[in-house]
file model.cif (mmCIF, C-alpha atoms)
data_start
#
loop_
_atom_site.label_atom_id
_atom_site.label_comp_id
_atom_site.auth_asym_id
_atom_site.auth_seq_id
_atom_site.Cartn_x
_atom_site.Cartn_y
_atom_site.Cartn_z
CA MET Y 1 70.69 35.68 43.09
CA ILE Y 2 67.63 33.60 42.54
CA ARG Y 3 69.49 31.88 39.75
CA SER Y 4 72.40 30.92 41.95
CA VAL Y 5 70.13 29.59 44.66
CA LEU Y 6 68.44 27.52 42.05
CA PHE Y 7 71.69 26.11 40.82
CA THR Y 8 72.80 25.24 44.30
CA LEU Y 9 69.56 23.35 44.71
CA ILE Y 10 70.09 21.52 41.48
CA PHE Y 11 73.64 20.54 42.16
CA LEU Y 12 73.71 19.99 45.90
CA PRO Y 13 72.27 16.51 46.01
CA GLY Y 14 75.18 15.34 43.94
CA CYS Y 15 75.44 11.68 43.31
CA SER Y 16 72.11 10.99 44.88
CA GLN Y 17 70.35 13.53 42.69
CA PRO Y 18 67.08 12.31 41.28
CA LEU Y 19 67.06 10.67 37.88
CA PRO Y 20 66.62 13.08 35.06
CA PRO Y 21 63.16 12.27 33.80
CA ALA Y 22 63.24 9.42 31.35
CA MET Y 23 59.74 10.48 30.32
CA ALA Y 24 59.19 13.88 28.76
CA SER Y 25 56.63 16.10 30.45
CA ASP Y 26 53.10 15.03 29.74
CA SER Y 27 51.95 17.82 27.47
CA ALA Y 28 49.01 17.28 25.14
CA LEU Y 29 47.51 18.88 22.08
CA ALA Y 30 44.24 20.68 22.72
CA PRO Y 31 41.58 19.20 20.41
CA SER Y 32 40.84 22.67 19.03
CA GLU Y 33 44.41 23.17 17.83
CA ILE Y 34 44.79 19.90 15.90
CA ARG Y 35 46.14 20.64 12.43
CA SER Y 36 47.23 18.42 9.59
CA GLY Y 37 50.90 18.34 8.62
CA LEU Y 38 49.70 19.64 5.26
CA THR Y 39 49.13 23.09 6.74
CA PHE Y 40 52.82 23.41 7.62
CA LEU Y 41 54.06 22.68 4.09
CA GLN Y 42 55.15 25.08 1.37
CA PRO Y 43 52.37 25.94 -1.12
CA GLU Y 44 54.19 24.01 -3.90
CA THR Y 45 54.15 20.81 -1.84
CA GLN Y 46 50.51 21.34 -0.91
CA ALA Y 47 49.68 21.78 -4.59
CA LEU Y 48 51.39 18.47 -5.44
CA GLN Y 49 49.17 16.66 -2.99
CA ALA Y 50 46.02 18.43 -4.12
CA ASP Y 51 46.36 17.56 -7.79
CA ASP Y 52 45.96 13.83 -8.45
CA PHE Y 53 47.68 14.19 -11.80
CA SER Y 54 50.88 15.66 -10.36
CA ASN Y 55 50.79 13.72 -7.07
CA PRO Y 56 53.52 11.09 -7.60
CA SER Y 57 51.73 8.73 -5.18
CA TYR Y 58 49.38 7.79 -7.97
CA LEU Y 59 52.05 5.65 -9.58
CA TRP Y 60 51.59 3.37 -6.57
CA VAL Y 61 47.88 3.90 -6.04
CA ASP Y 62 47.02 3.08 -9.66
CA HIS Y 63 49.12 -0.07 -9.43
CA GLY Y 64 47.25 -0.89 -6.23
CA ALA Y 65 43.89 -0.50 -7.95
CA GLU Y 66 45.03 -2.92 -10.57
CA LEU Y 67 46.26 -5.47 -8.01
CA PHE Y 68 43.00 -5.10 -6.14
CA SER Y 69 40.96 -6.33 -9.06
CA ARG Y 70 43.45 -8.84 -10.40
CA THR Y 71 42.72 -12.54 -9.88
CA PRO Y 72 45.74 -14.13 -8.16
CA PRO Y 73 47.83 -16.17 -10.65
CA SER Y 74 47.35 -19.20 -8.40
CA GLY Y 75 43.60 -18.85 -8.76
CA GLY Y 76 41.08 -17.87 -6.10
CA GLU Y 77 39.38 -14.56 -5.68
CA ALA Y 78 40.53 -11.02 -6.29
CA CYS Y 79 40.13 -8.49 -3.49
CA ALA Y 80 37.49 -6.80 -5.62
CA THR Y 81 35.42 -9.95 -5.80
CA CYS Y 82 34.79 -9.94 -2.07
CA HIS Y 83 34.95 -6.22 -1.48
CA THR Y 84 32.12 -4.43 -3.19
CA ALA Y 85 30.00 -1.41 -2.36
CA THR Y 86 27.74 -3.60 -0.27
CA ASN Y 87 30.06 -6.33 0.99
CA HIS Y 88 32.85 -5.26 3.37
CA PRO Y 89 33.12 -1.96 1.52
CA GLN Y 90 36.57 -0.40 1.44
CA GLU Y 91 35.33 3.20 1.48
CA GLY Y 92 36.18 4.65 4.88
CA ALA Y 93 37.77 1.40 6.14
CA ALA Y 94 41.31 2.79 6.44
CA ALA Y 95 40.20 5.56 8.80
CA HIS Y 96 39.56 2.91 11.47
CA TYR Y 97 43.03 1.36 11.39
CA PRO Y 98 44.95 0.15 13.35
CA ALA Y 99 42.25 -2.04 14.88
CA TYR Y 100 42.20 -5.10 17.13
CA ASP Y 101 41.70 -8.35 15.26
CA GLU Y 102 39.90 -10.99 17.29
CA ALA Y 103 41.05 -13.98 15.26
CA SER Y 104 44.76 -13.27 15.55
CA LYS Y 105 44.35 -11.59 18.94
CA SER Y 106 46.56 -8.73 17.89
CA LEU Y 107 46.48 -5.14 16.83
CA VAL Y 108 46.71 -4.83 13.05
CA ASN Y 109 47.34 -1.78 10.91
CA LEU Y 110 46.12 -1.44 7.34
CA GLU Y 111 49.14 -3.27 5.95
CA GLY Y 112 48.57 -6.10 8.42
CA ARG Y 113 44.86 -6.23 7.60
CA ILE Y 114 45.57 -6.57 3.89
CA ASN Y 115 48.07 -9.34 4.57
CA LEU Y 116 45.48 -11.13 6.73
CA CYS Y 117 43.09 -11.13 3.78
CA ARG Y 118 45.80 -12.54 1.56
CA GLU Y 119 46.46 -15.34 4.01
CA ARG Y 120 42.90 -16.08 5.10
CA HIS Y 121 40.94 -15.43 1.98
CA GLN Y 122 43.37 -15.84 -0.88
CA SER Y 123 45.80 -18.45 0.46
CA LEU Y 124 48.66 -16.20 -0.50
CA PRO Y 125 51.76 -15.47 1.56
CA PRO Y 126 51.92 -12.07 3.25
CA LEU Y 127 53.64 -9.29 1.31
CA ALA Y 128 56.81 -7.88 2.82
CA TYR Y 129 56.58 -4.55 4.56
CA GLU Y 130 57.57 -1.69 2.25
CA SER Y 131 57.41 -3.95 -0.81
CA GLU Y 132 56.02 -2.17 -3.86
CA ASP Y 133 52.92 -4.37 -3.94
CA LEU Y 134 52.02 -3.90 -0.28
CA LEU Y 135 52.56 -0.14 -0.55
CA ALA Y 136 50.43 -0.08 -3.68
CA LEU Y 137 47.54 -2.00 -2.13
CA THR Y 138 47.71 -0.02 1.10
CA GLY Y 139 47.84 3.27 -0.79
CA TYR Y 140 44.88 2.28 -2.94
CA VAL Y 141 42.76 1.15 0.01
CA ALA Y 142 43.71 4.27 2.00
CA SER Y 143 42.84 6.52 -0.95
CA LEU Y 144 39.25 5.24 -0.69
CA SER Y 145 39.05 6.95 2.72
CA ARG Y 146 40.22 10.37 1.61
CA GLY Y 147 38.36 13.06 3.50
CA VAL Y 148 36.91 10.58 6.03
CA PRO Y 149 37.66 11.63 9.63
CA VAL Y 150 40.26 9.53 11.43
CA SER Y 151 38.44 7.41 13.98
CA VAL Y 152 40.16 4.51 15.70
CA SER Y 153 38.85 2.47 18.60
CA ILE Y 154 40.94 2.50 21.75
CA GLU Y 155 38.34 0.63 23.80
CA GLY Y 156 38.40 -2.93 25.05
CA GLN Y 157 41.19 -5.06 23.68
CA ALA Y 158 42.73 -2.04 21.95
CA ALA Y 159 43.18 -0.14 25.21
CA PRO Y 160 46.51 -1.68 26.29
CA TYR Y 161 47.97 -0.97 22.84
CA TYR Y 162 46.88 2.63 23.11
CA GLU Y 163 48.73 2.89 26.42
CA MET Y 164 51.81 1.27 24.93
CA GLY Y 165 51.86 3.65 21.98
CA ARG Y 166 51.26 6.62 24.18
CA ALA Y 167 54.15 5.67 26.48
CA TYR Y 168 56.46 5.40 23.47
CA PHE Y 169 55.42 8.85 22.33
CA PHE Y 170 56.46 10.41 25.64
CA GLN Y 171 59.56 8.27 26.16
CA ARG Y 172 62.89 10.00 25.77
CA LYS Y 173 65.27 7.89 23.73
CA GLY Y 174 68.25 7.73 21.45
CA GLN Y 175 71.67 9.28 21.79
CA LEU Y 176 69.96 12.70 21.64
CA ASN Y 177 67.51 11.65 24.37
CA LEU Y 178 64.37 13.15 22.87
CA ALA Y 179 60.72 12.10 22.94
CA CYS Y 180 58.26 12.42 20.06
CA SER Y 181 56.18 14.70 22.28
CA GLN Y 182 59.01 17.20 22.70
CA CYS Y 183 58.99 17.98 19.01
CA HIS Y 184 55.37 17.34 18.06
CA ASN Y 185 53.52 18.58 21.17
CA GLU Y 186 55.87 21.20 22.52
CA HIS Y 187 57.60 22.68 19.48
CA TRP Y 188 55.27 22.30 16.49
CA GLY Y 189 55.28 25.38 14.31
CA ARG Y 190 58.99 25.98 14.98
CA GLN Y 191 61.74 25.71 12.41
CA LEU Y 192 64.01 22.69 12.68
CA ARG Y 193 66.38 23.89 10.04
CA GLY Y 194 64.43 23.67 6.73
CA ASP Y 195 61.45 21.81 8.23
CA THR Y 196 58.55 23.35 10.06
CA ILE Y 197 57.80 20.83 12.80
CA SER Y 198 54.20 19.65 12.47
CA GLN Y 199 52.08 17.97 15.09
CA GLY Y 200 53.18 14.55 13.85
CA HIS Y 201 49.92 13.08 12.59
CA GLY Y 202 49.78 10.00 10.41
CA ASN Y 203 46.72 10.89 8.33
CA ALA Y 204 48.67 11.43 5.09
CA PHE Y 205 50.33 7.99 5.10
CA PRO Y 206 51.22 6.05 3.10
CA ALA Y 207 52.61 9.16 1.46
CA TYR Y 208 55.09 10.19 -1.17
CA ARG Y 209 58.06 11.88 0.49
CA LEU Y 210 60.26 14.08 -1.64
CA GLU Y 211 63.20 13.02 0.51
CA TRP Y 212 62.54 9.35 -0.28
CA GLN Y 213 61.55 10.01 -3.85
CA ALA Y 214 59.16 7.20 -3.18
CA PHE Y 215 55.89 6.25 -1.60
CA GLY Y 216 56.30 4.93 1.92
CA SER Y 217 54.42 3.74 4.97
CA LEU Y 218 53.79 5.54 8.23
CA GLN Y 219 56.23 3.16 9.92
CA ARG Y 220 58.94 4.24 7.52
CA ARG Y 221 58.27 7.84 8.64
CA LEU Y 222 58.46 6.75 12.29
CA ARG Y 223 61.76 5.01 11.64
CA ASP Y 224 63.11 8.26 10.19
CA CYS Y 225 62.07 10.22 13.28
CA ASP Y 226 63.67 7.61 15.54
CA ALA Y 227 66.84 7.59 13.45
CA GLY Y 228 66.89 11.39 13.62
CA ILE Y 229 67.31 11.26 17.38
CA ARG Y 230 69.83 8.45 16.92
CA ALA Y 231 67.54 5.85 18.44
CA GLU Y 232 67.59 2.31 17.04
CA PRO Y 233 64.48 2.19 14.86
CA LEU Y 234 62.03 -0.64 15.57
CA ASP Y 235 61.36 -3.39 13.06
CA TYR Y 236 58.73 -2.86 10.40
CA GLY Y 237 55.42 -4.24 11.52
CA SER Y 238 56.51 -4.47 15.16
CA GLU Y 239 53.74 -4.49 17.71
CA LEU Y 240 55.12 -1.36 19.31
CA TYR Y 241 55.15 0.75 16.13
CA THR Y 242 51.65 -0.49 15.36
CA ALA Y 243 50.66 0.64 18.85
CA VAL Y 244 52.25 4.04 18.16
CA GLU Y 245 50.15 4.22 14.98
CA LEU Y 246 47.07 3.58 17.11
CA TYR Y 247 48.03 6.31 19.56
CA LEU Y 248 48.66 8.72 16.68
CA GLY Y 249 45.26 7.85 15.20
CA SER Y 250 43.51 8.53 18.46
CA ARG Y 251 45.43 11.76 18.90
CA ALA Y 252 44.37 12.83 15.39
CA SER Y 253 40.70 11.93 15.86
CA GLY Y 254 38.49 13.83 13.44
CA LEU Y 255 41.30 14.94 11.13
CA PRO Y 256 40.39 14.07 7.51
CA MET Y 257 42.35 11.23 5.93
CA GLU Y 258 44.72 12.59 3.28
CA SER Y 259 46.50 9.52 1.99
CA PRO Y 260 48.01 9.42 -0.57
CA GLY Y 261 49.73 12.51 0.81
CA VAL Y 262 52.82 14.36 -0.32
CA ARG Y 263 55.42 15.42 2.21
CA ARG Y 264 58.87 16.94 2.17
CA MET L 1 80.84 39.25 38.15
CA ARG L 2 78.32 39.23 40.93
CA ARG L 3 77.00 36.03 39.54
CA GLN L 4 80.47 34.52 39.40
CA SER L 5 81.06 35.02 43.10
CA ALA L 6 77.64 33.74 44.03
CA LEU L 7 78.32 30.68 41.99
CA ALA L 8 81.69 30.13 43.55
CA ALA L 9 79.75 29.42 46.71
CA ALA L 10 77.83 26.70 44.98
CA VAL L 11 78.98 23.26 45.80
CA THR L 12 81.36 21.62 43.39
CA ILE L 13 80.39 18.26 42.24
CA PHE L 14 82.40 15.67 40.46
CA CYS L 15 80.19 14.12 37.98
CA SER L 16 80.31 10.95 35.97
CA GLY L 17 82.18 9.32 38.81
CA CYS L 18 78.65 9.25 40.19
CA GLY L 19 78.13 6.30 37.96
CA GLN L 20 75.69 5.25 35.32
CA ALA L 21 73.01 4.66 37.87
CA ASP L 22 72.02 8.28 38.29
CA GLY L 23 71.23 8.43 34.61
CA ALA L 24 73.42 11.40 33.86
CA ALA L 25 76.75 9.75 33.24
CA LEU L 26 79.04 11.67 30.96
CA ALA L 27 81.69 10.36 28.62
CA ALA L 28 84.49 11.31 31.00
CA ARG L 29 85.01 12.75 34.42
CA VAL L 30 84.05 16.40 34.36
CA GLU L 31 84.15 18.98 37.11
CA ILE L 32 80.99 21.05 37.31
CA ARG L 33 80.92 24.21 39.40
CA GLY L 34 77.53 25.81 39.75
CA ASP L 35 76.19 26.18 36.24
CA ALA L 36 79.58 25.93 34.55
CA ILE L 37 82.43 23.62 33.65
CA PRO L 38 85.39 25.93 34.21
CA THR L 39 88.14 23.89 32.59
CA SER L 40 88.64 22.68 29.07
CA LEU L 41 87.65 19.07 28.45
CA THR L 42 90.83 18.50 26.45
CA GLY L 43 93.11 20.69 28.50
CA GLU L 44 93.55 22.88 25.43
CA ALA L 45 91.81 25.87 23.92
CA GLY L 46 89.48 25.15 21.03
CA ARG L 47 89.72 26.60 17.51
CA VAL L 48 87.17 29.21 16.52
CA ALA L 49 87.09 28.36 12.80
CA ASP L 50 86.59 24.63 13.44
CA GLY L 51 83.88 25.49 15.95
CA GLN L 52 82.00 27.50 13.35
CA ALA L 53 82.15 24.56 10.96
CA GLU L 54 80.88 22.22 13.71
CA PHE L 55 78.03 24.60 14.45
CA VAL L 56 76.78 24.36 10.87
CA SER L 57 77.65 20.92 9.54
CA ARG L 58 75.16 18.09 9.60
CA GLU L 59 77.92 15.59 10.40
CA GLY L 60 79.21 17.81 13.22
CA GLY L 61 77.24 19.56 15.95
CA HIS L 62 74.55 20.70 13.51
CA CYS L 63 73.48 23.33 16.03
CA VAL L 64 71.79 25.39 13.28
CA LEU L 65 69.09 22.73 13.40
CA CYS L 66 67.73 24.66 16.37
CA HIS L 67 69.75 27.89 16.72
CA ARG L 68 70.55 30.88 14.58
CA ILE L 69 73.42 33.33 14.68
CA GLU L 70 73.08 36.57 12.80
CA GLY L 71 75.52 36.89 9.92
CA LEU L 72 76.44 33.20 9.92
CA GLN L 73 76.59 31.66 6.43
CA ALA L 74 74.10 28.82 6.66
CA GLU L 75 70.76 28.44 5.00
CA PHE L 76 67.69 27.64 7.09
CA GLN L 77 68.81 28.23 10.65
CA GLY L 78 66.30 26.83 13.13
CA ASN L 79 64.43 28.56 15.93
CA VAL L 80 63.61 25.72 18.31
CA GLY L 81 66.30 27.11 20.64
CA PRO L 82 67.21 30.72 21.47
CA ASP L 83 69.08 32.97 19.04
CA LEU L 84 72.77 32.66 19.92
CA THR L 85 73.89 35.95 18.34
CA GLY L 86 76.35 37.55 20.77
CA VAL L 87 76.09 34.63 23.21
CA GLY L 88 79.73 35.03 24.24
CA ALA L 89 78.86 38.34 25.88
CA ARG L 90 76.01 36.77 27.89
CA LEU L 91 77.63 33.56 29.06
CA THR L 92 81.11 32.66 30.27
CA GLU L 93 83.14 30.01 28.52
CA GLY L 94 82.46 27.63 31.39
CA GLN L 95 78.72 28.24 31.21
CA ILE L 96 78.67 27.61 27.46
CA ARG L 97 80.66 24.41 28.02
CA LEU L 98 78.15 22.96 30.50
CA ARG L 99 75.26 23.92 28.22
CA ILE L 100 76.78 21.86 25.42
CA VAL L 101 78.00 19.01 27.63
CA ASP L 102 74.75 18.49 29.53
CA ALA L 103 71.99 21.06 28.98
CA GLN L 104 69.53 18.65 30.58
CA ARG L 105 71.30 19.10 33.88
CA ILE L 106 70.23 22.75 33.82
CA TRP L 107 66.86 22.36 32.12
CA PRO L 108 65.62 18.80 32.75
CA ASP L 109 62.80 19.07 30.19
CA THR L 110 64.77 20.74 27.43
CA VAL L 111 64.94 19.52 23.83
CA MET L 112 68.58 20.55 23.71
CA PRO L 113 70.61 17.31 23.61
CA SER L 114 73.31 16.60 26.19
CA TYR L 115 76.21 16.26 23.80
CA TYR L 116 78.74 14.65 26.14
CA ARG L 117 76.40 12.19 27.79
CA THR L 118 76.69 8.43 27.40
CA GLY L 119 74.76 7.00 30.32
CA GLY L 120 71.12 6.59 31.32
CA LEU L 121 69.90 6.60 27.73
CA ARG L 122 67.56 4.12 26.06
CA GLN L 123 67.26 2.58 22.65
CA VAL L 124 70.45 4.24 21.45
CA GLY L 125 71.19 3.46 17.80
CA ARG L 126 73.72 0.63 17.54
CA GLU L 127 76.32 2.72 15.77
CA TYR L 128 76.18 5.37 18.53
CA GLU L 129 76.21 3.15 21.59
CA GLY L 130 78.61 4.17 24.32
CA GLN L 131 79.70 7.28 22.49
CA PRO L 132 78.80 10.87 23.23
CA ALA L 133 77.22 12.86 20.38
CA LEU L 134 80.29 15.11 20.25
CA THR L 135 83.90 14.52 21.22
CA ALA L 136 85.69 16.64 23.80
CA ARG L 137 87.60 18.31 21.01
CA GLN L 138 84.48 19.17 19.01
CA ILE L 139 82.93 20.65 22.13
CA GLU L 140 86.01 22.77 22.85
CA ASP L 141 85.94 24.10 19.29
CA LEU L 142 82.28 25.04 19.74
CA VAL L 143 83.03 26.69 23.08
CA ALA L 144 85.76 28.76 21.43
CA TYR L 145 83.49 29.76 18.55
CA LEU L 146 80.50 30.70 20.71
CA SER L 147 82.68 32.56 23.22
CA SER L 148 84.00 34.67 20.35
CA GLN L 149 80.45 35.78 19.51
CA GLY L 150 79.76 39.24 20.91
CA ASN L 151 83.31 39.68 22.14
#
call {"tool": "encode", "arguments": {"input": "model.cif", "output": "C-alpha cells"}}
result
Amino acid sequence: MIRSVLFTLIFLPGCSQPLPPAMASDSALAPSEIRSGLTFLQPETQALQADDFSNPSYLWVDHGAELFSRTPPSGGEACATCHTATNHPQEGAAAHYPAYDEASKSLVNLEGRINLCRERHQSLPPLAYESEDLLALTGYVASLSRGVPVSVSIEGQAAPYYEMGRAYFFQRKGQLNLACSQCHNEHWGRQLRGDTISQGHGNAFPAYRLEWQAFGSLQRRLRDCDAGIRAEPLDYGSELYTAVELYLGSRASGLPMESPGVRR
Amino acid sequence: MRRQSALAAAVTIFCSGCGQADGAALAARVEIRGDAIPTSLTGEAGRVADGQAEFVSREGGHCVLCHRIEGLQAEFQGNVGPDLTGVGARLTEGQIRLRIVDAQRIWPDTVMPSYYRTGGLRQVGREYEGQPALTARQIEDLVAYLSSQGN
C-alpha cells in the first residue's frame, strides 16, 4: 500500500516532474574511514607493490632517476644540479601537488610542474603527457615522497579549483549517468565484477596497472573511469582533471604517498 | 495481486513525449503504468537464452557487473546491486522492464543505469551519443530471461 502511494506520488506530476538530480547525493567519506586502494587489492598485487625488485614501475622510475641527473643534450643544467638536499629538495614535494603556480596563474600537477622547470629553467620544450620520459620523471620525483602524507593546499587561489574538482566528482555523467561519488563514496568495498571498488584515491599514481601493462598517470586512470561510464574522457592535462586531482588530494589528506604503486 | 490492483489506480503517464527538457527522455515512446511498463518495447516476446547471454556479456548488458544469480555460469558476479536469484517470482514482467528501462525513475539516486534513456545526460561519449545503452530487443531478451528466474 505504502509502495503504491509512493509510486503515485512519483508518477503523478508527469511531464512537469522535477528533474532527476544531475548531481549525485552529497555523501562524504568520514576521515576515520579513509583507506588506501592498496588495502582492497589481492595479496599478490600488494606484494608486487611492496617489493621494489618485482614492482614493474621501477623500469620507469630508474629511467627517471637517470633523466633527472642527465645534462640536457642542448646544454644547460640537469634537474639534479638545481635540486639538491638543501636547494628545492624533491623529497616530499610530490605530496603537495597539484598546487597553484603564481607565475602561470594556474593550477599545476606534478607533470605540469616538471614541464614548467623544463621550460623555465632548462629552455626545453614540455614533454607530452603520458610520454615515457614524462612518466619516468614524474614517477621518480613521486617516489621521493613515498610514505609522506598527502597534503595539498586548497586555500586562496587554489580554492576555486577545489570547488571545480569537487563538483566534477559529484556530477552524474556519461551514457550510464553515474558520478564518481556513487562508486567511490557510496559503494566502496563492494564487488564490481572482479574489482573491489576502492575509495578512489590518487596516492599510488603514477602507478603500474596490470591492465595497462604499463606505468601511467593519475589522469589516465581518471580517463578509464570516465570511459567506464561511457562519458567522453577529458583531455590529458586539462584544467578540470587537474582540479579533480586537487579534490582527490584533499579528500585523501594524510594518506601516505605510495607512488610508484601497483594496481589491477 | 493486491499490488497489481492498487497500481492500476496509479495514473498512467506517457513518457518521452514529455520531451528532453525533463531530463528523463527515453529512446522511444513508452507507456509507464505505476512502477511497470506493461507492454513489450518491440511488440514481441524476448528470448530467454539471448537474455542470459546479454546478462553476462561485457558487450551486452553486462549486468553481472553489479548483480549475481545463483547457478549462472559467469565468473566474478558483482554485488553492488541486489541478488537477482528468483527475481521473476518477486517482480512482474512489466516491473522488471521498467527497472531496466529507467531504474532512476524509481530510485533517483541509484547506481543502476537507465538502459533505455537518451536524454538529459551530460558528457556522453561520442560513440554513444543519442543511443540508449541497450536496444529494445536486448531489453526484451533480458526481461524474458529474468522473468524465467524463479518461475
call {"tool": "atom_distance", "arguments": {"input": "model.cif", "atom1": "CA of Asp102 in chain L", "atom2": "CA of Tyr116 in chain L"}}
result
6.5 Å
call {"tool": "closest_residue", "arguments": {"input": "model.cif", "among": "Y:Ser198, Y:Ser253, Y:Ser36, Y:Asn177", "to": "chain L", "atoms": "only C-alpha atoms"}}
result
Y:Asn177
call {"tool": "resolve_selection", "arguments": {"input": "model.cif", "expression": "the PyMOL selection byres ((chain L and resi 118-125) around 7)", "output": "PDB file with C-alpha atoms, keeping the file's coordinate frame"}}
result
ATOM      1  CA  LYS Y 173      65.270   7.890  23.730  1.00  0.00           C
ATOM      2  CA  GLY Y 174      68.250   7.730  21.450  1.00  0.00           C
ATOM      3  CA  GLN Y 175      71.670   9.280  21.790  1.00  0.00           C
ATOM      4  CA  ASN Y 177      67.510  11.650  24.370  1.00  0.00           C
ATOM      5  CA  ARG Y 230      69.830   8.450  16.920  1.00  0.00           C
ATOM      6  CA  ALA Y 231      67.540   5.850  18.440  1.00  0.00           C
ATOM      7  CA  GLU Y 232      67.590   2.310  17.040  1.00  0.00           C
TER       8      GLU Y 232
ATOM      9  CA  GLN L  20      75.690   5.250  35.320  1.00  0.00           C
ATOM     10  CA  GLY L  23      71.230   8.430  34.610  1.00  0.00           C
ATOM     11  CA  ALA L  24      73.420  11.400  33.860  1.00  0.00           C
ATOM     12  CA  ALA L  25      76.750   9.750  33.240  1.00  0.00           C
ATOM     13  CA  LEU L  26      79.040  11.670  30.960  1.00  0.00           C
ATOM     14  CA  ALA L  27      81.690  10.360  28.620  1.00  0.00           C
ATOM     15  CA  TYR L 116      78.740  14.650  26.140  1.00  0.00           C
ATOM     16  CA  ARG L 117      76.400  12.190  27.790  1.00  0.00           C
ATOM     17  CA  ARG L 126      73.720   0.630  17.540  1.00  0.00           C
ATOM     18  CA  GLU L 127      76.320   2.720  15.770  1.00  0.00           C
ATOM     19  CA  TYR L 128      76.180   5.370  18.530  1.00  0.00           C
ATOM     20  CA  GLU L 129      76.210   3.150  21.590  1.00  0.00           C
ATOM     21  CA  GLY L 130      78.610   4.170  24.320  1.00  0.00           C
ATOM     22  CA  GLN L 131      79.700   7.280  22.490  1.00  0.00           C
ATOM     23  CA  PRO L 132      78.800  10.870  23.230  1.00  0.00           C
TER      24      PRO L 132
END
call {"tool": "residues_around", "arguments": {"input": "model.cif", "residues": "Gly200 in chain Y", "least_positions_apart": "3", "cutoff": "8 Å", "atoms": "only C-alpha atoms", "output": "PyMOL selection string"}}
result
chain Y and resi 37+184+197+248
call {"tool": "residues_around", "arguments": {"input": "model.cif", "residues": "Arg221 in chain Y", "least_positions_apart": "5", "cutoff": "12 Å", "atoms": "all atoms listed in the file", "output": "VMD selection string"}}
result
chain Y and resid 130 200 to 209 211 to 212 214 to 216 226 to 228 233 to 234 236 241 244 to 245 263 to 264
call {"tool": "residues_around", "arguments": {"input": "model.cif", "residues": "Gln46 in chain Y", "least_positions_apart": "6", "cutoff": "9 Å", "atoms": "only C-alpha atoms", "output": "PyMOL selection string"}}
result
chain Y and resi 38-39+262-263
call {"tool": "closest_residue", "arguments": {"input": "model.cif", "among": "Y:Val61, Y:Ala47, Y:Leu124, Y:Ile34", "to": "Gly189 in chain Y", "atoms": "only C-alpha atoms"}}
result
Y:Ile34
call {"tool": "closest_residue", "arguments": {"input": "model.cif", "among": "Y:Cys225, Y:Leu246, Y:Leu178, Y:Leu48", "to": "Arg166 in chain Y", "atoms": "all atoms listed in the file"}}
result
Y:Leu246
call {"tool": "closest_residue", "arguments": {"input": "model.cif", "among": "Y:Arg190, Y:Arg146, Y:Arg118, Y:His88", "to": "chain L", "atoms": "all atoms listed in the file"}}
result
Y:Arg190
call {"tool": "closest_residue", "arguments": {"input": "model.cif", "among": "L:Met112, L:Val80, L:Val56, L:Leu91", "to": "Val143 in chain L", "atoms": "only C-alpha atoms"}}
result
L:Leu91
call {"tool": "atom_distance", "arguments": {"input": "model.cif", "atom1": "CA of Arg68 in chain L", "atom2": "CA of Phe55 in chain L"}}
result
9.8 Å
